[in-house]
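Engineer: If it helps, the file is called my_file05.pdb and holds PDB, C-alpha atoms:
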ATOM      1  CA  MET A 266       5.745 -32.120 -11.137
ATOM      2  CA  PHE A 267       6.657 -33.079  -7.565
ATOM      3  CA  LYS A 268       3.913 -34.009  -5.085
ATOM      4  CA  PHE A 269       4.236 -33.412  -1.365
ATOM      5  CA  LYS A 270       1.631 -34.252   1.289
ATOM      6  CA  GLN A 271       0.070 -30.787   1.454
ATOM      7  CA  PHE A 272       1.046 -29.186  -1.866
ATOM      8  CA  THR A 273       2.268 -29.909  -5.380
ATOM      9  CA  ILE A 274       5.270 -28.288  -7.070
ATOM     10  CA  GLN A 275       5.186 -27.559 -10.800
ATOM     11  CA  GLN A 276       8.701 -26.876 -12.092
ATOM     12  CA  ASP A 277       8.550 -26.522 -15.880
ATOM     13  CA  LEU A 278       9.285 -22.748 -15.779
ATOM     14  CA  CYS A 279      12.133 -22.984 -13.285
ATOM     15  CA  ALA A 280      15.808 -23.685 -14.018
ATOM     16  CA  MET A 281      16.450 -25.382 -10.687
ATOM     17  CA  LYS A 282      14.155 -28.303  -9.936
ATOM     18  CA  VAL A 283      13.091 -29.635  -6.546
ATOM     19  CA  GLY A 284      16.096 -31.329  -4.941
ATOM     20  CA  THR A 285      17.338 -32.707  -1.660
ATOM     21  CA  ASP A 286      19.003 -29.408  -0.658
ATOM     22  CA  GLY A 287      15.787 -27.400  -0.770
ATOM     23  CA  VAL A 288      13.741 -30.091   0.955
ATOM     24  CA  LEU A 289      16.307 -30.407   3.748
ATOM     25  CA  LEU A 290      16.393 -26.632   4.221
ATOM     26  CA  GLY A 291      12.613 -26.350   4.312
ATOM     27  CA  ALA A 292      12.356 -29.165   6.844
ATOM     28  CA  TRP A 293      15.181 -27.853   9.088
ATOM     29  CA  ALA A 294      15.279 -24.056   8.987
ATOM     30  CA  THR A 295      14.326 -21.983  12.008
ATOM     31  CA  GLY A 296      11.149 -19.976  11.432
ATOM     32  CA  GLY A 297       9.127 -17.245  13.113
ATOM     33  CA  LEU A 298       6.134 -14.997  12.509
ATOM     34  CA  LYS A 299       7.787 -13.187   9.571
ATOM     35  CA  ILE A 300       9.998 -15.283   7.286
ATOM     36  CA  LEU A 301      11.936 -14.261   4.165
ATOM     37  CA  ASP A 302      12.855 -16.856   1.512
ATOM     38  CA  VAL A 303      15.728 -15.580  -0.645
ATOM     39  CA  GLY A 304      15.967 -17.132  -4.129
ATOM     40  CA  THR A 305      12.696 -19.015  -3.815
ATOM     41  CA  GLY A 306      12.851 -20.827  -7.191
ATOM     42  CA  THR A 307       9.798 -23.107  -7.357
ATOM     43  CA  GLY A 308       8.633 -21.854  -3.961
ATOM     44  CA  VAL A 309       9.174 -25.233  -2.296
ATOM     45  CA  VAL A 310      11.076 -23.881   0.738
ATOM     46  CA  ALA A 311       8.535 -21.087   1.276
ATOM     47  CA  LEU A 312       5.693 -23.627   1.187
ATOM     48  CA  MET A 313       7.502 -25.977   3.554
ATOM     49  CA  VAL A 314       8.175 -23.321   6.182
ATOM     50  CA  ALA A 315       4.591 -22.073   5.825
ATOM     51  CA  GLN A 316       3.415 -25.610   6.586
ATOM     52  CA  ARG A 317       5.771 -25.930   9.566
ATOM     53  CA  TYR A 318       4.948 -22.521  11.044
ATOM     54  CA  PRO A 319       1.147 -22.113  10.769
ATOM     55  CA  LYS A 320       1.130 -18.521  12.064
ATOM     56  CA  ALA A 321       3.955 -17.309   9.824
ATOM     57  CA  GLN A 322       3.729 -14.807   6.977
ATOM     58  CA  ILE A 323       6.323 -15.613   4.293
ATOM     59  CA  THR A 324       7.824 -13.296   1.690
ATOM     60  CA  ALA A 325       9.550 -15.152  -1.161
ATOM     61  CA  LEU A 326      11.995 -13.342  -3.480
ATOM     62  CA  ASP A 327      13.565 -14.274  -6.800
ATOM     63  CA  ILE A 328      15.228 -12.279  -9.572
ATOM     64  CA  ASP A 329      14.301 -14.756 -12.315
ATOM     65  CA  GLU A 330      10.955 -13.983 -13.939
ATOM     66  CA  GLY A 331      10.240 -17.627 -14.747
ATOM     67  CA  ALA A 332      10.914 -18.684 -11.157
ATOM     68  CA  VAL A 333       8.616 -15.945  -9.843
ATOM     69  CA  ARG A 334       5.795 -17.066 -12.155
ATOM     70  CA  GLN A 335       6.367 -20.677 -11.109
ATOM     71  CA  ALA A 336       6.444 -19.916  -7.393
ATOM     72  CA  LYS A 337       3.280 -17.808  -7.664
ATOM     73  CA  GLU A 338       1.529 -20.663  -9.488
ATOM     74  CA  ASN A 339       2.583 -23.206  -6.859
ATOM     75  CA  VAL A 340       1.566 -20.949  -3.984
ATOM     76  CA  GLU A 341      -1.815 -20.079  -5.550
ATOM     77  CA  ASN A 342      -2.582 -23.773  -6.057
ATOM     78  CA  SER A 343      -1.885 -24.590  -2.401
ATOM     79  CA  SER A 344      -3.912 -24.251   0.803
ATOM     80  CA  LEU A 345      -1.131 -21.991   2.138
ATOM     81  CA  ARG A 346      -1.708 -19.212  -0.422
ATOM     82  CA  ASN A 347      -2.979 -16.627   2.078
ATOM     83  CA  ARG A 348       0.303 -16.578   4.000
ATOM     84  CA  ILE A 349       2.885 -16.366   1.188
ATOM     85  CA  ILE A 350       3.695 -13.442  -1.094
ATOM     86  CA  VAL A 351       6.095 -13.893  -4.035
ATOM     87  CA  LEU A 352       8.044 -10.866  -5.301
ATOM     88  CA  HIS A 353      10.227 -10.317  -8.373
ATOM     89  CA  GLU A 354      12.965  -8.544  -6.434
ATOM     90  CA  ALA A 355      16.623  -8.806  -5.414
ATOM     91  CA  VAL A 356      17.313  -9.194  -1.710
ATOM     92  CA  GLN A 357      19.909  -6.398  -1.955
ATOM     93  CA  ALA A 358      17.044  -3.937  -2.629
ATOM     94  CA  HIS A 359      14.468  -5.481  -0.312
ATOM     95  CA  GLN A 360      13.221  -3.661   2.787
ATOM     96  CA  GLY A 361      11.685  -5.033   5.964
ATOM     97  CA  LYS A 362      12.451  -6.806   9.242
ATOM     98  CA  TYR A 363      12.191 -10.556   9.660
ATOM     99  CA  ASP A 364      12.283 -13.138  12.437
ATOM    100  CA  ALA A 365      13.901 -15.654  10.104
ATOM    101  CA  ILE A 366      15.557 -15.774   6.680
ATOM    102  CA  VAL A 367      16.041 -18.952   4.640
ATOM    103  CA  SER A 368      18.079 -19.348   1.462
ATOM    104  CA  ASN A 369      19.231 -22.107  -0.852
ATOM    105  CA  PRO A 370      21.669 -19.718  -2.577
ATOM    106  CA  PRO A 371      23.501 -19.974  -5.914
ATOM    107  CA  PHE A 372      26.778 -21.706  -5.187
ATOM    108  CA  PHE A 373      28.953 -22.127  -8.279
ATOM    109  CA  MET A 374      31.738 -19.560  -7.994
ATOM    110  CA  ASP A 375      34.617 -21.038  -9.946
ATOM    111  CA  SER A 376      32.923 -23.145 -12.627
ATOM    112  CA  LEU A 377      32.250 -22.195 -16.247
ATOM    113  CA  PRO A 378      28.852 -20.649 -16.939
ATOM    114  CA  SER A 379      26.185 -22.667 -18.724
ATOM    115  CA  PRO A 380      24.825 -21.546 -22.122
ATOM    116  CA  ASN A 381      21.403 -21.431 -20.396
ATOM    117  CA  GLU A 382      21.066 -17.936 -18.895
ATOM    118  CA  GLN A 383      18.199 -18.900 -16.584
ATOM    119  CA  ARG A 384      20.247 -21.787 -15.168
ATOM    120  CA  ASN A 385      23.231 -19.460 -14.687
ATOM    121  CA  ILE A 386      21.118 -17.119 -12.558
ATOM    122  CA  ALA A 387      19.913 -20.018 -10.428
ATOM    123  CA  ARG A 388      23.268 -21.762 -10.015
ATOM    124  CA  HIS A 389      26.060 -19.175 -10.222
ATOM    125  CA  SER A 390      26.810 -16.703  -7.454
ATOM    126  CA  ASP A 391      27.414 -13.752  -9.820
ATOM    127  CA  THR A 392      23.847 -12.580  -9.117
ATOM    128  CA  LEU A 393      23.948 -13.197  -5.352
ATOM    129  CA  SER A 394      27.380 -13.568  -3.787
ATOM    130  CA  TYR A 395      27.702 -14.968  -0.289
ATOM    131  CA  ALA A 396      28.870 -11.508   0.810
ATOM    132  CA  ASP A 397      25.706  -9.912  -0.644
ATOM    133  CA  LEU A 398      23.510 -12.541   1.003
ATOM    134  CA  MET A 399      25.122 -12.032   4.399
ATOM    135  CA  GLN A 400      25.045  -8.229   4.243
ATOM    136  CA  ALA A 401      21.390  -8.183   3.210
ATOM    137  CA  SER A 402      20.412 -10.824   5.761
ATOM    138  CA  TYR A 403      22.119  -8.988   8.616
ATOM    139  CA  ARG A 404      20.274  -5.799   7.630
ATOM    140  CA  LEU A 405      16.884  -7.506   7.281
ATOM    141  CA  LEU A 406      16.989  -9.745  10.361
ATOM    142  CA  LYS A 407      15.656  -8.631  13.723
ATOM    143  CA  ASP A 408      18.205  -8.668  16.551
ATOM    144  CA  ASP A 409      16.972 -12.073  17.715
ATOM    145  CA  GLY A 410      16.432 -13.411  14.177
ATOM    146  CA  GLU A 411      18.118 -16.393  12.506
ATOM    147  CA  LEU A 412      19.457 -17.046   9.005
ATOM    148  CA  SER A 413      19.390 -20.632   7.689
ATOM    149  CA  VAL A 414      21.183 -21.741   4.506
ATOM    150  CA  VAL A 415      22.282 -24.901   2.714
ATOM    151  CA  VAL A 416      25.646 -25.206   0.922
ATOM    152  CA  PRO A 417      27.795 -27.926  -0.686
ATOM    153  CA  PHE A 418      30.570 -29.129   1.640
ATOM    154  CA  ASP A 419      33.310 -27.352  -0.337
ATOM    155  CA  TYR A 420      31.572 -23.958   0.056
ATOM    156  CA  LYS A 421      30.938 -24.237   3.811
ATOM    157  CA  LYS A 422      34.020 -22.254   4.871
ATOM    158  CA  ARG A 423      33.332 -19.459   2.356
ATOM    159  CA  MET A 424      29.819 -19.053   3.716
ATOM    160  CA  GLU A 425      31.018 -19.111   7.326
ATOM    161  CA  ASP A 426      33.764 -16.556   6.580
ATOM    162  CA  GLU A 427      31.303 -14.125   4.961
ATOM    163  CA  ALA A 428      28.900 -14.586   7.877
ATOM    164  CA  THR A 429      31.630 -13.804  10.413
ATOM    165  CA  PHE A 430      32.730 -10.755   8.423
ATOM    166  CA  VAL A 431      29.329  -9.036   8.745
ATOM    167  CA  GLY A 432      28.941  -9.914  12.427
ATOM    168  CA  PHE A 433      27.009 -13.194  12.448
ATOM    169  CA  PHE A 434      27.770 -16.073  14.826
ATOM    170  CA  PRO A 435      27.186 -19.750  13.951
ATOM    171  CA  HIS A 436      24.322 -21.406  15.805
ATOM    172  CA  LYS A 437      23.553 -24.784  14.208
ATOM    173  CA  ILE A 438      25.592 -26.927  11.809
ATOM    174  CA  LEU A 439      24.036 -30.046  10.285
ATOM    175  CA  GLY A 440      26.214 -32.192   8.019
ATOM    176  CA  VAL A 441      24.362 -34.384   5.532
ATOM    177  CA  ARG A 442      25.991 -37.554   4.183
ATOM    178  CA  THR A 443      24.804 -39.618   1.251
ATOM    179  CA  VAL A 444      26.472 -42.769   2.654
ATOM    180  CA  GLU A 445      27.039 -43.789   6.290
ATOM    181  CA  LYS A 446      30.591 -43.188   7.591
ATOM    182  CA  ARG A 447      31.487 -40.981   4.613
ATOM    183  CA  PRO A 448      32.144 -37.216   4.877
ATOM    184  CA  ALA A 449      29.183 -34.856   4.604
ATOM    185  CA  LYS A 450      28.337 -33.746   1.053
ATOM    186  CA  ARG A 451      26.290 -30.697   2.087
ATOM    187  CA  TYR A 452      25.797 -28.576   5.173
ATOM    188  CA  LEU A 453      22.829 -26.800   6.672
ATOM    189  CA  LEU A 454      24.085 -23.747   8.558
ATOM    190  CA  SER A 455      22.313 -21.222  10.748
ATOM    191  CA  PHE A 456      23.597 -17.864  11.998
ATOM    192  CA  ILE A 457      22.453 -15.360  14.614
ATOM    193  CA  LYS A 458      23.609 -11.929  15.812
ATOM    194  CA  HIS A 459      25.045 -12.903  19.199
ATOM    195  CA  PRO A 460      27.533 -15.518  20.477
ATOM    196  CA  ILE A 461      26.062 -18.899  21.399
ATOM    197  CA  GLU A 462      27.239 -22.465  21.861
ATOM    198  CA  VAL A 463      27.267 -24.096  18.435
ATOM    199  CA  GLU A 464      25.128 -27.195  17.879
ATOM    200  CA  HIS A 465      26.853 -29.775  15.649
ATOM    201  CA  HIS A 466      24.993 -32.735  14.180
ATOM    202  CA  ILE A 467      25.204 -35.101  11.205
ATOM    203  CA  ILE A 468      22.639 -37.261   9.410
ATOM    204  CA  THR A 469      22.647 -39.651   6.452
ATOM    205  CA  ILE A 470      20.137 -39.462   3.592
ATOM    206  CA  GLY A 471      17.495 -42.128   4.231
ATOM    207  CA  ASP A 472      18.375 -42.834   7.872
ATOM    208  CA  LYS A 473      15.904 -42.632  10.765
ATOM    209  CA  GLU A 474      16.670 -38.971  11.550
ATOM    210  CA  TYR A 475      16.335 -37.964   7.892
ATOM    211  CA  ARG A 476      13.000 -39.779   7.612
ATOM    212  CA  GLU A 477      11.780 -38.150  10.822
ATOM    213  CA  MET A 478      12.827 -34.719   9.540
ATOM    214  CA  THR A 479      10.994 -35.071   6.211
ATOM    215  CA  LYS A 480       8.010 -37.249   7.202
ATOM    216  CA  ASP A 481       5.491 -34.384   7.135
ATOM    217  CA  PHE A 482       6.349 -33.612   3.494
ATOM    218  CA  TYR A 483       7.228 -36.686   1.440
ATOM    219  CA  LEU A 484       4.370 -38.929   0.309
TER     220      LEU A 484
END
Reformat the file's structure so that it appears as structure tokens.
Structural biologist:
Amino acid sequence: MFKFKQFTIQQDLCAMKVGTDGVLLGAWATGGLKILDVGTGTGVVALMVAQRYPKAQITALDIDEGAVRQAKENVENSSLRNRIIVLHEAVQAHQGKYDAIVSNPPFFMDSLPSPNEQRNIARHSDTLSYADLMQASYRLLKDDGELSVVVPFDYKKRMEDEATFVGFFPHKILGVRTVEKRPAKRYLLSFIKHPIEVEHHIITIGDKEYREMTKDFYL
């Protein structure tokens, strides 16, 4: 169990537990009136963007049955339940138009699979490649919409290449370091459908900017 200020996350049914990546994405991602959360897992990102955007309606998708049950439980037990719907569905088959899409996608492409099938679905990109994510996001986003994702540093270029291939342009890039003056270990990236000056920024876990970003969530 993981307690935030406005909701609690149960995670016993979910392969991927609450982690820094999801919390950073939920605290940083651009929102709107209609938001899609791809690969919702525990539902933490959906709940965070619902808290940040009080007028938003959020649709949260996952292909893992356990994750869907978990996310539904966490949403139903929160004060935000009326604005979030959780669906057992792949984004490749999903229909709709959204102001914003958020995703903490599977990222292991070259590593050996785990014996745990549920963990494989959550962690390995076989079930949702970056190409699939970008193609679906481009189709589902409104013309002025924005896609926000989080990736490990060594997958940043792959994600950017797939985004460019479908017609996205980078908007914001936030590098996240674990130690001051060291290279970023993960990146938050956002993409839109038209050219724009790219905003580059970097923070360190635990610094003033990180604390400011997450203050409305962490106890």
Engineer: Which residues are close to A:Arg442, i.e. within 9 Å by all atoms listed in the file, leaving aside same-chain residues fewer than 6 positions away? Reply as a list in words.
Structural biologist: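 Surrounding residues, per the criterion: Pro448, Ala449, Lys450, Arg451, Ile467, Ile468, Thr469 and Ile470 of chain A.
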Engineer: Looking at A:Gln275, A:Ser455, A:Gln400, A:Ser343, which one is nearest to A:Lys421, with distances taken over all atoms listed in the file?
Structural biologist: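 Between A:Gln275, A:Ser455, A:Gln400, A:Ser343, the residue approaching A:Lys421 most closely is A:Ser455.
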Engineer: Can you list, as an MDAnalysis selection string, the residues that the PyMOL selection byres ((chain A and resi 412-418) around 10) selects here?
Structural biologist: chainID A and resid 286:287 289:291 293:296 300:303 363:373 399 402:403 406 410:411 419:424 428 433 435:442 448:458
Engineer: Tell me, as a short mmCIF file (atom, residue, chain, number, x, y, z; two decimals) with C-alpha atoms, in the coordinates of the input, which residues lie within 9 Å of A:Glu338, counting only C-alpha atoms; anything in the same chain fewer than 3 positions away does not count.
Structural biologist:
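As a result, result-v7.cif now contains:
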data_model
loop_
_atom_site.label_atom_id
_atom_site.label_comp_id
_atom_site.auth_asym_id
_atom_site.auth_seq_id
_atom_site.Cartn_x
_atom_site.Cartn_y
_atom_site.Cartn_z
CA ILE A 274 5.27 -28.29 -7.07
CA GLN A 275 5.19 -27.56 -10.80
CA THR A 307 9.80 -23.11 -7.36
CA VAL A 333 8.62 -15.94 -9.84
CA ARG A 334 5.80 -17.07 -12.16
CA GLN A 335 6.37 -20.68 -11.11
CA GLU A 341 -1.82 -20.08 -5.55
CA ASN A 342 -2.58 -23.77 -6.06
CA SER A 343 -1.88 -24.59 -2.40
#
Engineer: Give the answer as one residue: which of A:Lys480, A:His459, A:Lys320, A:Lys268 has the shortest atom-to-atom distance to A:Asp409, using all atoms listed in the file?
Structural biologist: A:His459
Engineer: Just checking: using all atoms listed in the file, which residue out of A:Val351, A:Ala280, A:Gly308, A:Leu398 ends up closest to A:Glu425?
Structural biologist: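 Comparing A:Val351, A:Ala280, A:Gly308, A:Leu398 against A:Glu425, the winner is A:Leu398.
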Engineer: Just how far from atom CA of A:Thr443 is atom CA of A:Ala315, in Å to one decimal?
Structural biologist: 27.2 Å
Engineer: What separation in Å, quoted to one decimal, exists between atom CA of A:Met313 and atom CA of A:Phe272?
Structural biologist: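 One can read the atom CA of A:Met313 to atom CA of A:Phe272 distance as 9.0 Å.
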Engineer: Restricting the calculation to all atoms listed in the file: of A:Asp397, A:Asp472, A:Glu330, A:Asp481, which residue gets closest to A:Val444?
Structural biologist: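 Answer, going by the shortest atom-to-atom distance: A:Asp472.
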Engineer: Report, as AutoDock Vina command-line options, the axis-aligned box around all atoms of stretch 357-369 of chain A present in the file, extended by 3 Å on each side; give centre and edge lengths in Å to one decimal place.
Structural biologist:
--center_x 15.8 --center_y -12.9 --center_z 4.9 --size_x 14.2 --size_y 24.4 --size_z 21.1
Engineer: Can you work out the spacing between atom CA of A:Arg348 and atom CA of A:Thr324 in Å, to one decimal?
Structural biologist: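 Atom CA of A:Arg348 sits 8.5 Å away from atom CA of A:Thr324.
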